[in-house]
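Just below is one structure, and these are the notes that go with it.
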Amino acid sequence: MKVNGQTQPCPALLTVQALVQSRGLDPQRVAVEKNGHIIPRSRFAEETLCDADTVEIVQFVGGG
Amino acid sequence: MVLTQKELHDALSGRHGAAVQAQLDRAAVGIAGLGGLGSHIAVSLARLGVGRLVLVDFDVVDVTNLNRQHYTMKDIGIPKTLALLEQLEAINPYLNYETYTERIIPANAARLFAGCDVVCEAFDRPDQKAMLIETLLEQQPKTPIVSGSGMAGFGSANAIRTERRFGRLYLCGDGMSDVSDGLGLMAPRVAVCAAHQAAMTLRLLLGEHEP
């Protein structure tokens, strides 16, 4: 699969939640798009990924 | 002195060009959060003469806001929506301002910003930024969102930039400088980030989609 433009292997049944956490990111501070569609945080734990998927993860930084 | 609507509009058209001004007259922009980012974005867009501005914030002006937000001492204790509205009406009283003094949540975000050509995310907390962006990207399938992320501290202003993600999410900031790392929010970089957001919003309103 492709994550933020970089190809990486996708373990079986990898969830969005697990991917986000494996990158050291806080699921409460990120927005995730899978194949061009936004994945709500409420679905991170159930949404699984496969090798054909393209994932974009944006982490937000506090302050405004 | 108070200018008539025609006098002010003629002056804007003279500076911006009649064709550009006609596009801005018809434009609608939402601003979510009226703190350091949102208050400055709103002032920029009012000076541009953006026809309709939807301004949303639940909070009142506090003494801790004065180091970076577009308010003054006399505004302390007043809802940010009302304190900002007063300033915007002094800049251009002929625009259509809509203010909502309420918290933005997934259940009301799409309704509050219905009809907006662009929405600026100008919250403080990162989880709130993520909430608004996922909600609007899901519920408003065409609206571009211009977000602020990473402007704390006194690092180089040149590190603040605009990046396009997800097709129609524009991220302004350095992406790193986080208030939770103990960095304070200070007027210059907050204003630079707000100016990036206003500049990207202007570009989108005029049909330019790249940062």
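Numbering starts fresh at 1 for the residues of each chain in the structure tokens, the chains themselves are lettered A, B, ... in the order given, and ligands are numbered from 1 as they appear.
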> Which parts of segment 46-140 of chain B does DSSP call strand (DSSP E or B) when run on the backbone here, written out as a PyMOL selection string?
Replying inline: chain B and resi 52-56+60+79+96-100+118-121
> Any idea what's packed within 12 Å of segment 76-88 of chain B, counting only C-alpha atoms, ignoring anything in its chain fewer than 6 positions away? Could you give it as a PyMOL selection string?
Replying inline: chain B and resi 31-36+38-50+52-66+69-70+94-103
>> For a quick test of understanding: name the residues of chain B lying within 8 Å of chain A when counting only C-alpha atoms, and present them as an MDAnalysis selection string.
In response: chainID B and resid 35:38 122:130 133:135 137:138 148:152 165:166 175:180 185 190
> Which residues, written as an MDAnalysis selection string, have at least one atom at most 9 Å from Gln8 of chain A, with only C-alpha atoms counted and residues fewer than 6 positions away on the same chain left out?
Replying inline: chainID A and resid 1:2 51
>> Could you go through chain A and tell me which residues DSSP, when run on the backbone, assigns to helix (DSSP H, G or I), listing them as JSON, numbers by chain?
In response: {"A": [16, 17, 18, 19, 20, 21, 22, 27, 28, 29, 41, 42, 43]}
Give me, as a PDB file with C-alpha atoms, in the first residue's frame, all polymer residues having an atom no more than 8 Å from Ala109 of chain B, counting only C-alpha atoms and skipping those fewer than 5 positions away in the same chain.
ATOM      1  CA  ILE B 104     -19.022  23.715  16.330  1.00  0.00           C
ATOM      2  CA  LEU B 132     -13.976  19.705  11.846  1.00  0.00           C
ATOM      3  CA  THR B 135     -16.767  16.288   9.298  1.00  0.00           C
ATOM      4  CA  LEU B 136     -16.643  18.830   6.487  1.00  0.00           C
TER       5      LEU B 136
END
List the neighbours of Leu14 of chain A out to 12 Å using only C-alpha atoms; skip same-chain residues closer than 5 positions along the sequence, and give me the result as a tab-separated table (two decimals) with all heavy atoms, in the first residue's frame.
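Below you can see selection-v4.tsv, which holds the result:
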chain	number	residue	atom	x	y	z
A	1	MET	N	0.85	-1.20	0.00
A	1	MET	CA	0.00	0.00	0.00
A	1	MET	C	0.89	1.25	0.00
A	1	MET	O	2.08	1.19	0.28
A	1	MET	CB	-0.91	0.00	1.24
A	1	MET	CG	-0.15	0.13	2.55
A	1	MET	SD	-1.26	0.18	3.96
A	1	MET	CE	-0.05	-0.03	5.27
A	9	PRO	N	4.72	-2.48	2.78
A	9	PRO	CA	3.88	-3.68	2.81
A	9	PRO	C	2.72	-3.50	3.79
A	9	PRO	O	2.85	-2.78	4.78
A	9	PRO	CB	4.85	-4.77	3.30
A	9	PRO	CG	6.00	-4.07	3.91
A	9	PRO	CD	6.07	-2.69	3.35
A	19	LEU	N	-2.37	1.41	11.93
A	19	LEU	CA	-1.41	2.11	11.07
A	19	LEU	C	-1.03	3.46	11.67
A	19	LEU	O	0.15	3.82	11.74
A	19	LEU	CB	-2.00	2.30	9.66
A	19	LEU	CG	-1.14	3.14	8.72
A	19	LEU	CD1	0.17	2.42	8.39
A	19	LEU	CD2	-1.89	3.49	7.43
A	20	VAL	N	-2.04	4.20	12.11
A	20	VAL	CA	-1.79	5.52	12.70
A	20	VAL	C	-0.89	5.38	13.92
A	20	VAL	O	0.10	6.10	14.07
A	20	VAL	CB	-3.14	6.19	13.07
A	20	VAL	CG1	-2.92	7.41	13.96
A	20	VAL	CG2	-3.89	6.59	11.80
A	21	GLN	N	-1.20	4.41	14.78
A	21	GLN	CA	-0.42	4.24	16.01
A	21	GLN	C	0.99	3.74	15.71
A	21	GLN	O	1.94	4.13	16.37
A	21	GLN	CB	-1.15	3.30	16.97
A	21	GLN	CG	-2.34	4.01	17.59
A	21	GLN	CD	-3.23	3.11	18.43
A	21	GLN	OE1	-3.24	1.90	18.24
A	21	GLN	NE2	-3.98	3.70	19.34
A	22	SER	N	1.12	2.89	14.66
A	22	SER	CA	2.45	2.37	14.33
A	22	SER	C	3.38	3.48	13.87
A	22	SER	O	4.59	3.35	13.91
A	22	SER	CB	2.33	1.30	13.24
A	22	SER	OG	2.09	1.91	11.98
A	44	PHE	N	-11.89	4.19	12.62
A	44	PHE	CA	-10.47	3.81	12.53
A	44	PHE	C	-10.23	2.36	12.96
A	44	PHE	O	-9.43	1.65	12.37
A	44	PHE	CB	-9.60	4.71	13.41
A	44	PHE	CG	-9.27	6.06	12.81
A	44	PHE	CD1	-9.85	6.49	11.63
A	44	PHE	CD2	-8.37	6.90	13.46
A	44	PHE	CE1	-9.54	7.73	11.10
A	44	PHE	CE2	-8.05	8.14	12.93
A	44	PHE	CZ	-8.64	8.56	11.76
A	45	ALA	N	-10.92	1.95	14.04
A	45	ALA	CA	-10.63	0.63	14.62
A	45	ALA	C	-11.18	-0.51	13.78
A	45	ALA	O	-10.72	-1.65	13.91
A	45	ALA	CB	-11.19	0.56	16.04
A	46	GLU	N	-12.15	-0.23	12.92
A	46	GLU	CA	-12.74	-1.33	12.14
A	46	GLU	C	-12.33	-1.28	10.66
A	46	GLU	O	-12.45	-2.29	9.97
A	46	GLU	CB	-14.27	-1.28	12.26
A	46	GLU	CG	-14.88	-0.01	11.71
A	46	GLU	CD	-16.29	0.24	12.25
A	46	GLU	OE1	-16.43	0.32	13.50
A	46	GLU	OE2	-17.21	0.35	11.44
A	47	GLU	N	-11.85	-0.15	10.18
A	47	GLU	CA	-11.51	-0.01	8.76
A	47	GLU	C	-10.17	-0.72	8.49
A	47	GLU	O	-9.14	-0.33	9.04
A	47	GLU	CB	-11.41	1.48	8.41
A	47	GLU	CG	-11.25	1.76	6.95
A	47	GLU	CD	-12.55	1.68	6.16
A	47	GLU	OE1	-13.63	1.87	6.76
A	47	GLU	OE2	-12.47	1.40	4.96
A	48	THR	N	-10.21	-1.75	7.66
A	48	THR	CA	-8.97	-2.48	7.38
A	48	THR	C	-8.37	-2.03	6.04
A	48	THR	O	-9.07	-1.48	5.18
A	48	THR	CB	-9.21	-4.01	7.35
A	48	THR	OG1	-10.23	-4.27	6.40
A	48	THR	CG2	-9.59	-4.52	8.71
A	49	LEU	N	-7.09	-2.30	5.90
A	49	LEU	CA	-6.34	-1.85	4.72
A	49	LEU	C	-5.77	-3.05	3.99
A	49	LEU	O	-5.57	-4.12	4.57
A	49	LEU	CB	-5.20	-0.92	5.17
A	49	LEU	CG	-5.67	0.34	5.91
A	49	LEU	CD1	-4.50	1.02	6.61
A	49	LEU	CD2	-6.35	1.29	4.95
A	50	CYS	N	-5.51	-2.85	2.67
A	50	CYS	CA	-4.87	-3.92	1.90
A	50	CYS	C	-3.81	-3.30	0.99
A	50	CYS	O	-3.70	-2.07	0.90
A	50	CYS	CB	-5.91	-4.71	1.11
A	50	CYS	SG	-6.58	-3.78	-0.27
A	51	ASP	N	-3.05	-4.16	0.31
A	51	ASP	CA	-1.92	-3.68	-0.50
A	51	ASP	C	-2.31	-2.69	-1.59
A	51	ASP	O	-1.50	-1.84	-1.98
A	51	ASP	CB	-1.20	-4.88	-1.13
A	51	ASP	CG	-0.10	-5.39	-0.20
A	51	ASP	OD1	0.53	-4.55	0.48
A	51	ASP	OD2	0.12	-6.62	-0.13
A	53	ASP	N	-4.38	-0.29	-1.38
A	53	ASP	CA	-4.90	0.98	-0.86
A	53	ASP	C	-3.87	2.11	-0.88
A	53	ASP	O	-2.67	1.88	-0.70
A	53	ASP	CB	-5.40	0.80	0.59
A	53	ASP	CG	-6.69	0.02	0.65
A	53	ASP	OD1	-7.47	0.08	-0.32
A	53	ASP	OD2	-6.90	-0.68	1.66
> Given the choices B:Asn92, B:Asn67, B:Gln140, B:Ser147, which gets closest to Cys116 of chain B if the distance is worked out from only C-alpha atoms?
Replying inline: B:Gln140
>> Between atom CA of Arg189 of chain B and atom CA of Ala157 of chain B, what distance in Å does the model show, to one decimal?
In response: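 Result for atom CA of Arg189 of chain B versus atom CA of Ala157 of chain B: 5.9 Å, one decimal.
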> Between B:Cys172, B:Cys120, B:Arg26, B:Pro93, which has the minimum distance to Leu8 of chain B (counting only C-alpha atoms)?
Replying inline: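 Using only C-alpha atoms, Leu8 of chain B sits closest to B:Pro93.
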>> Report, in Å to a single decimal, how far apart atom CA of Thr201 of chain B and atom CA of Thr162 of chain B are.
In response: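 Separation between atom CA of Thr162 of chain B and atom CA of Thr201 of chain B: 11.0 Å.
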>> What's the separation between atom CA of Gly173 of chain B and atom CA of Ala159 of chain B, in Å to one decimal place?
In response: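 Between these atoms lies a distance of 7.4 Å.
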